[in-house]
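These notes concern the structure reproduced below.
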Amino acid sequence: MPVLMRDFDSIDIRLLIVFRAVVFTGSLSKAARKLSVTPSAVSQSLSKLSKYFSHPLFTRTSNGLEPTDFAMELYGYVNSALDLLQDGVESLSDFDAANSKRRFRIAANHILDLIVLHPLARRVETFNNQLKITVNNLVEEESKIIDSLQIDNNDLCLVALKVDMKSIIQEKLLEEEMVVLGCRNNPLTKEVIDMDTYLSQRHVRYAVGQIGYKMGNALNLGYVDEREVFLDTNNPFNAMMMAQESDSLVTVSRWLWEKYGRQFDLAEVKTSFDIPKVPLYLTYLKKMEDSKANRWLRDQVKETLSKIR
């Protein structure tokens, strides 16, 4: 009789959870991060599970841990069973915003902190001051976004990048208009400039690899290598300050400029060409689509945006 059938009652479900995380991530350290335990604890759990089945589960390779054929077959059963259990718990769990003490985790870059997350935190507090929100900084690369949901267990991501993955849902919340700024005494602020003039200027670009990078580079119009970038910074206020103190141009969100930029001695530079708007996507795991708590949080994000836009 197979070991699994002989003494199934003795298996610890936590070992199966660890096993699934390691197969999924291919790494002890990533699995440990996902489960909020130490890599040593993950290793010990794998050792116990291997002894339980009397069969090796992983081999070490240059790319991490590779599941054995036995482990991959087992993973199919374990993954289905744990997903079914999680879905059942989610569907049965009542979420009451007025009484919950839940801490939500949202990943975003700093510009979206300004646009969405500060007013969102105030809105959530009106339901219940025991509800909390943790904001985690996020570099906008597809692998980082996926890891933030699947490994770091964030409830939502707010990103400008479109992710092509079946297990992830994205809802477009808005498209952010862009504006080109220069020092107020820059003669270009008195003109309407064409593309050649725009590209011939020095530029301050902020948030490389994040939403500001897309803003500054006008998304995918091919201007990236043609501009002379005087300064890269991950802070839009530093970018505007540098533009104020130099002859450089800076391209930022119009919302950011109108909300916070008036303290800088800058003026808008009109362009004869259109700079594409930057999208904002509400991003979450498909398996959380019917989660009452996650759905409530998504609704609060949308309501917050409807009030401030």
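Here's how to read the names in the structure tokens: chain A, B, ... by the order shown, residue numbers from 1 in each chain, ligand numbers from 1 in the order shown.
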
Neighbour list for Phe24 (chain A) as an MDAnalysis selection string, cut-off 10 Å, only C-alpha atoms, skip fewer than 6 positions in-chain: chainID A and resid 18 30:31 67 75 79 150:151

I want to know what sits within 7 Å of Arg103 (chain A), based on only C-alpha atoms, with residues of the same chain fewer than 2 positions away left out; could you give that as a short mmCIF file (atom, residue, chain, number, x, y, z; two decimals) with C-alpha atoms, in the first residue's frame?
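Okay, this is what ended up in out_3.cif:
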data_model
loop_
_atom_site.label_atom_id
_atom_site.label_comp_id
_atom_site.auth_asym_id
_atom_site.auth_seq_id
_atom_site.Cartn_x
_atom_site.Cartn_y
_atom_site.Cartn_z
CA LYS A 101 -8.66 44.03 12.32
CA ARG A 105 -0.93 44.86 1.84
CA LEU A 131 -8.14 48.30 9.67
CA LYS A 132 -4.58 48.89 8.52
CA ILE A 133 -2.79 49.27 5.20
CA THR A 134 0.84 48.42 4.58
#

Non-local contacts of Lys162 (chain A) (12 Å; only C-alpha atoms; under 2 positions in same chain excluded) as a count of residues only: 24

Distance in Å - CA of Glu66 (chain A) versus CA of Ser148 (chain A): 22.2 Å

Polymer residues at most 12 Å from Arg184 (chain A), only C-alpha atoms, same-chain spacing of 6 or more positions, as a list in words: Lys190, Met240, Ala243, Gln244, Glu245, Ser246, Asp247, Ser248, Leu249, Arg262, Phe264, Asp265, Leu266, Ala267, Glu268 and Val269 of chain A

Top pick for closest residue to Arg254 (chain A), considering A:Glu228, A:Ala121, A:Asn238, A:Leu181 and counting only C-alpha atoms: A:Leu181

Residue set, region 114-248 of chain A restricted to alpha helix (DSSP H), as JSON, numbers by chain: {"A": [118, 119, 120, 121, 122, 123, 124, 125, 126, 127, 142, 143, 144, 145, 146, 147, 148, 149, 150, 195, 196, 197, 198, 199, 200, 211, 212, 213, 214, 215, 216, 236, 237, 238, 239, 240, 241, 242, 243, 244]}

Would you mind exporting the chosen residues as a compact mmCIF listing (two decimals), in the first residue's frame, restricted to N, CA, C and O atoms?
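Saved as selection.txt:
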# COMPACT_ATOMS: atom_id res chain seq x y z
N HIS A 118 -2.60 57.55 -0.05
CA HIS A 118 -2.87 58.40 1.11
C HIS A 118 -4.37 58.62 1.31
O HIS A 118 -4.89 58.40 2.42
N PRO A 119 -5.10 59.05 0.27
CA PRO A 119 -6.56 59.18 0.47
C PRO A 119 -7.24 57.85 0.73
O PRO A 119 -8.26 57.80 1.42
N LEU A 120 -6.70 56.76 0.18
CA LEU A 120 -7.28 55.44 0.45
C LEU A 120 -7.17 55.10 1.92
O LEU A 120 -8.13 54.59 2.52
N ALA A 121 -6.02 55.35 2.52
CA ALA A 121 -5.84 55.06 3.95
C ALA A 121 -6.82 55.84 4.79
O ALA A 121 -7.39 55.31 5.76
N ARG A 122 -7.04 57.09 4.43
CA ARG A 122 -8.01 57.91 5.18
C ARG A 122 -9.42 57.35 5.00
O ARG A 122 -10.20 57.32 5.96
N ARG A 123 -9.74 56.90 3.80
CA ARG A 123 -11.07 56.36 3.55
C ARG A 123 -11.30 55.08 4.36
O ARG A 123 -12.34 54.89 4.98
N VAL A 124 -10.30 54.18 4.34
CA VAL A 124 -10.43 52.91 5.07
C VAL A 124 -10.62 53.16 6.55
O VAL A 124 -11.39 52.48 7.23
N GLU A 125 -9.93 54.17 7.08
CA GLU A 125 -10.03 54.46 8.51
C GLU A 125 -11.43 54.91 8.90
O GLU A 125 -11.84 54.74 10.05
N THR A 126 -12.19 55.45 7.97
CA THR A 126 -13.55 55.88 8.30
C THR A 126 -14.47 54.70 8.56
O THR A 126 -15.48 54.82 9.25
N PHE A 127 -14.13 53.53 8.01
CA PHE A 127 -14.91 52.33 8.27
C PHE A 127 -14.57 51.76 9.65
O PHE A 127 -15.44 51.28 10.37
N GLU A 142 7.84 43.07 -14.78
CA GLU A 142 6.82 42.03 -14.74
C GLU A 142 7.12 40.98 -13.67
O GLU A 142 6.23 40.58 -12.92
N SER A 143 8.38 40.55 -13.58
CA SER A 143 8.73 39.52 -12.60
C SER A 143 8.53 40.02 -11.18
O SER A 143 8.12 39.27 -10.29
N LYS A 144 8.82 41.31 -10.94
CA LYS A 144 8.66 41.88 -9.60
C LYS A 144 7.18 41.98 -9.23
O LYS A 144 6.80 41.73 -8.07
N ILE A 145 6.35 42.34 -10.19
CA ILE A 145 4.91 42.44 -9.94
C ILE A 145 4.34 41.06 -9.60
O ILE A 145 3.57 40.90 -8.65
N ILE A 146 4.73 40.06 -10.39
CA ILE A 146 4.26 38.70 -10.15
C ILE A 146 4.71 38.21 -8.78
O ILE A 146 3.92 37.66 -8.00
N ASP A 147 5.98 38.43 -8.44
CA ASP A 147 6.50 38.00 -7.13
C ASP A 147 5.79 38.72 -5.99
O ASP A 147 5.54 38.14 -4.93
N SER A 148 5.45 39.99 -6.21
CA SER A 148 4.81 40.75 -5.12
C SER A 148 3.45 40.17 -4.76
O SER A 148 3.02 40.26 -3.61
N LEU A 149 2.78 39.56 -5.74
CA LEU A 149 1.48 38.94 -5.49
C LEU A 149 1.61 37.49 -5.05
O LEU A 149 0.97 37.06 -4.09
N GLN A 150 2.45 36.73 -5.74
CA GLN A 150 2.51 35.28 -5.51
C GLN A 150 3.46 34.88 -4.39
O GLN A 150 3.25 33.84 -3.75
N MET A 195 8.70 67.93 -31.93
CA MET A 195 9.43 66.78 -31.42
C MET A 195 10.93 66.96 -31.49
O MET A 195 11.66 66.62 -30.55
N ASP A 196 11.43 67.52 -32.59
CA ASP A 196 12.87 67.70 -32.73
C ASP A 196 13.41 68.61 -31.64
O ASP A 196 14.49 68.37 -31.08
N THR A 197 12.68 69.66 -31.33
CA THR A 197 13.12 70.58 -30.26
C THR A 197 13.09 69.88 -28.91
O THR A 197 14.02 70.03 -28.10
N TYR A 198 12.04 69.12 -28.67
CA TYR A 198 11.93 68.37 -27.42
C TYR A 198 13.11 67.44 -27.24
O TYR A 198 13.75 67.38 -26.17
N LEU A 199 13.45 66.70 -28.28
CA LEU A 199 14.53 65.71 -28.19
C LEU A 199 15.90 66.36 -28.09
O LEU A 199 16.84 65.75 -27.56
N SER A 200 16.03 67.57 -28.57
CA SER A 200 17.34 68.23 -28.55
C SER A 200 17.70 68.81 -27.19
O SER A 200 18.84 69.21 -26.96
N ILE A 211 6.93 53.88 -12.88
CA ILE A 211 5.96 54.64 -13.68
C ILE A 211 6.57 55.91 -14.25
O ILE A 211 6.30 56.30 -15.37
N GLY A 212 7.42 56.57 -13.47
CA GLY A 212 8.02 57.80 -13.95
C GLY A 212 8.91 57.59 -15.16
O GLY A 212 9.04 58.46 -16.02
N TYR A 213 9.52 56.44 -15.25
CA TYR A 213 10.34 56.12 -16.42
C TYR A 213 9.46 56.09 -17.65
O TYR A 213 9.80 56.63 -18.70
N LYS A 214 8.29 55.49 -17.53
CA LYS A 214 7.37 55.45 -18.67
C LYS A 214 6.86 56.85 -18.98
O LYS A 214 6.71 57.22 -20.14
N MET A 215 6.58 57.62 -17.95
CA MET A 215 6.11 58.97 -18.19
C MET A 215 7.16 59.77 -18.94
O MET A 215 6.91 60.40 -19.96
N GLY A 216 8.37 59.74 -18.41
CA GLY A 216 9.44 60.54 -18.99
C GLY A 216 9.81 60.11 -20.39
O GLY A 216 10.22 60.91 -21.22
N PRO A 236 10.16 62.37 -7.85
CA PRO A 236 9.66 63.38 -8.79
C PRO A 236 9.89 64.81 -8.31
O PRO A 236 10.03 65.72 -9.12
N PHE A 237 9.94 65.02 -6.99
CA PHE A 237 10.18 66.36 -6.48
C PHE A 237 11.63 66.77 -6.71
O PHE A 237 11.91 67.93 -7.03
N ASN A 238 12.56 65.82 -6.58
CA ASN A 238 13.95 66.10 -6.93
C ASN A 238 14.05 66.45 -8.41
O ASN A 238 14.82 67.33 -8.81
N ALA A 239 13.28 65.73 -9.24
CA ALA A 239 13.31 65.98 -10.68
C ALA A 239 12.84 67.40 -10.99
O ALA A 239 13.46 68.11 -11.79
N MET A 240 11.75 67.83 -10.37
CA MET A 240 11.24 69.17 -10.62
C MET A 240 12.19 70.23 -10.06
O MET A 240 12.39 71.29 -10.66
N MET A 241 12.80 69.93 -8.91
CA MET A 241 13.75 70.88 -8.34
C MET A 241 14.96 71.05 -9.25
O MET A 241 15.45 72.17 -9.46
N MET A 242 15.46 69.94 -9.81
CA MET A 242 16.60 70.03 -10.70
C MET A 242 16.25 70.79 -11.97
O MET A 242 17.05 71.57 -12.49
N ALA A 243 15.05 70.56 -12.50
CA ALA A 243 14.63 71.32 -13.67
C ALA A 243 14.55 72.81 -13.36
O ALA A 243 14.86 73.66 -14.20
N GLN A 244 14.14 73.13 -12.15
CA GLN A 244 14.05 74.52 -11.72
C GLN A 244 15.42 75.18 -11.67
O GLN A 244 15.57 76.36 -11.98

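For Ile13 (chain A), the residues within 12 Å (counting only C-alpha atoms, excluding itself and residues fewer than 5 positions away along the chain) are Phe8, Val18, Phe19, Arg20, Ser45, Lys48, Leu49, Val78, Asn79, Ala81, Leu82 and Leu85 of chain A.
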
Atomic separation - CA of Leu65 (chain A) relative to CA of Lys51 (chain A), Å: 17.6 Å

Nearest residue to Met72 (chain A) from the set A:Phe58, A:Arg205, A:Ala293, A:Val301 (distances using only C-alpha atoms):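 Closest residue, counting only C-alpha atoms: A:Phe58.
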
Option closest in space to Ser253 (chain A), from A:Leu161, A:Ile115, A:Ser62, A:Ser100 [counting only C-alpha atoms]: A:Ile115

Using only C-alpha atoms: which of A:Gln201, A:Gly64, A:Phe273, A:Glu176 has the shortest distance to Trp255 (chain A):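 Among the listed residues, the smallest separation from Trp255 (chain A) belongs to A:Glu176.
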
Thr68 (chain A) surroundings by only C-alpha atoms, 12 Å radius, close-in-sequence under 4 positions cut, as a ChimeraX atom specification: /A:23,26,50,55-61,72-75

Output file for the residues above (N, CA and C atoms, as a PDB file, in the first residue's frame):
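Generated output (again_1.pdb):
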ATOM      1  N   VAL A  23       8.176  24.250  -4.686  1.00  0.00           N
ATOM      2  CA  VAL A  23       7.995  23.888  -6.099  1.00  0.00           C
ATOM      3  C   VAL A  23       7.652  25.136  -6.906  1.00  0.00           C
ATOM      4  N   GLY A  26      10.875  27.557  -6.648  1.00  0.00           N
ATOM      5  CA  GLY A  26      12.156  26.980  -7.031  1.00  0.00           C
ATOM      6  C   GLY A  26      13.294  27.429  -6.158  1.00  0.00           C
ATOM      7  N   SER A  50      10.211  14.447   2.868  1.00  0.00           N
ATOM      8  CA  SER A  50      10.940  13.446   2.081  1.00  0.00           C
ATOM      9  C   SER A  50      10.992  12.108   2.814  1.00  0.00           C
ATOM     10  N   HIS A  55      11.120   9.135  -0.329  1.00  0.00           N
ATOM     11  CA  HIS A  55      11.451   9.421  -1.718  1.00  0.00           C
ATOM     12  C   HIS A  55      12.063  10.824  -1.808  1.00  0.00           C
ATOM     13  N   PRO A  56      13.144  11.011  -2.566  1.00  0.00           N
ATOM     14  CA  PRO A  56      13.710  12.364  -2.729  1.00  0.00           C
ATOM     15  C   PRO A  56      12.732  13.268  -3.465  1.00  0.00           C
ATOM     16  N   LEU A  57      12.687  14.528  -3.049  1.00  0.00           N
ATOM     17  CA  LEU A  57      11.732  15.469  -3.627  1.00  0.00           C
ATOM     18  C   LEU A  57      12.393  16.521  -4.526  1.00  0.00           C
ATOM     19  N   PHE A  58      13.632  16.888  -4.228  1.00  0.00           N
ATOM     20  CA  PHE A  58      14.303  17.943  -4.990  1.00  0.00           C
ATOM     21  C   PHE A  58      15.768  17.592  -5.229  1.00  0.00           C
ATOM     22  N   THR A  59      16.287  18.133  -6.311  1.00  0.00           N
ATOM     23  CA  THR A  59      17.730  18.088  -6.562  1.00  0.00           C
ATOM     24  C   THR A  59      18.211  19.513  -6.763  1.00  0.00           C
ATOM     25  N   ARG A  60      19.427  19.788  -6.329  1.00  0.00           N
ATOM     26  CA  ARG A  60      19.982  21.134  -6.470  1.00  0.00           C
ATOM     27  C   ARG A  60      20.603  21.306  -7.856  1.00  0.00           C
ATOM     28  N   THR A  61      20.317  22.428  -8.487  1.00  0.00           N
ATOM     29  CA  THR A  61      20.907  22.765  -9.779  1.00  0.00           C
ATOM     30  C   THR A  61      21.455  24.186  -9.692  1.00  0.00           C
ATOM     31  N   MET A  72       6.890  16.265  -8.788  1.00  0.00           N
ATOM     32  CA  MET A  72       5.983  16.957  -9.712  1.00  0.00           C
ATOM     33  C   MET A  72       4.621  16.274  -9.767  1.00  0.00           C
ATOM     34  N   GLU A  73       4.630  14.958  -9.711  1.00  0.00           N
ATOM     35  CA  GLU A  73       3.356  14.247  -9.698  1.00  0.00           C
ATOM     36  C   GLU A  73       2.604  14.542  -8.403  1.00  0.00           C
ATOM     37  N   LEU A  74       3.337  14.526  -7.293  1.00  0.00           N
ATOM     38  CA  LEU A  74       2.737  14.848  -6.002  1.00  0.00           C
ATOM     39  C   LEU A  74       2.213  16.283  -5.986  1.00  0.00           C
ATOM     40  N   TYR A  75       2.977  17.181  -6.598  1.00  0.00           N
ATOM     41  CA  TYR A  75       2.601  18.600  -6.607  1.00  0.00           C
ATOM     42  C   TYR A  75       1.214  18.806  -7.231  1.00  0.00           C
TER      43      TYR A  75
END
